[in-house]
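Beneath this line is the structure, given in structure tokens, with notes to follow.
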Amino acid sequence: MATLEAAVPIPTERERVLALGAALVTVTLWASAFVGIRSASRQLSPEALALGRLTIGSIALGLLVLVRREPLPSRRDLSAIAFCGVFWFGLYNIALNEAERRVDAGTGSRARS
């Protein structure tokens with residue numbers, strides 16, 4: 001009986017450093033989001049803040065798609081994507097922004113994780 005060995009590539013030191021750096025940046029930005037939301041909510045409504053955040057994220061991801069030349073979703077998937085974007089992610093962000101006006105950033109960060 002022959003055994004089949006999987007050839008799993010071992011990450012290089014550069015890949016490990018990049019992964020660690022990406023994790024640290026992600027955690028730092030995620031943690032600072034609650035303070036940023038709290039601060040921005042003094043001047044912006046929850047809806048305007050959600051629109052701004054989602055617009056910035058859409059532009060960043062759109063640029064990434066262009067650079068990587070990713071294929072666009074099929075026509076039949078667009079309605080599901082729009083539904084999830086509006087009724088799940090959009091409403092979630094509005095609710096989060098509204099809640100951050102009422103509780104401190106530390107409590108909001110624990111409730112979100």
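Naming works like this for the structure tokens: A, B, ... for the chains as they're shown, residue 1 at the start of each chain, ligands 1 onward in shown order.
Residues in contact range of region 42-58 of chain A, defined as at most 10 Å between only C-alpha atoms, with sequence neighbours fewer than 3 positions away removed, read Ile37, Arg38, Ser39, Leu61, Gly62, Leu63, Leu64, Gly85, Phe89, Gly90, Leu91, Tyr92, Asn93, Ile94, Ala95, Leu96, Asn97, Glu98, Ala99, Glu100 and Arg101 of chain A.
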Would you give me, as an MDAnalysis selection string, the residues in chain A that DSSP reads as alpha helix (DSSP H)? chainID A and resid 13:40 46:68 75:83 91:102 105:112
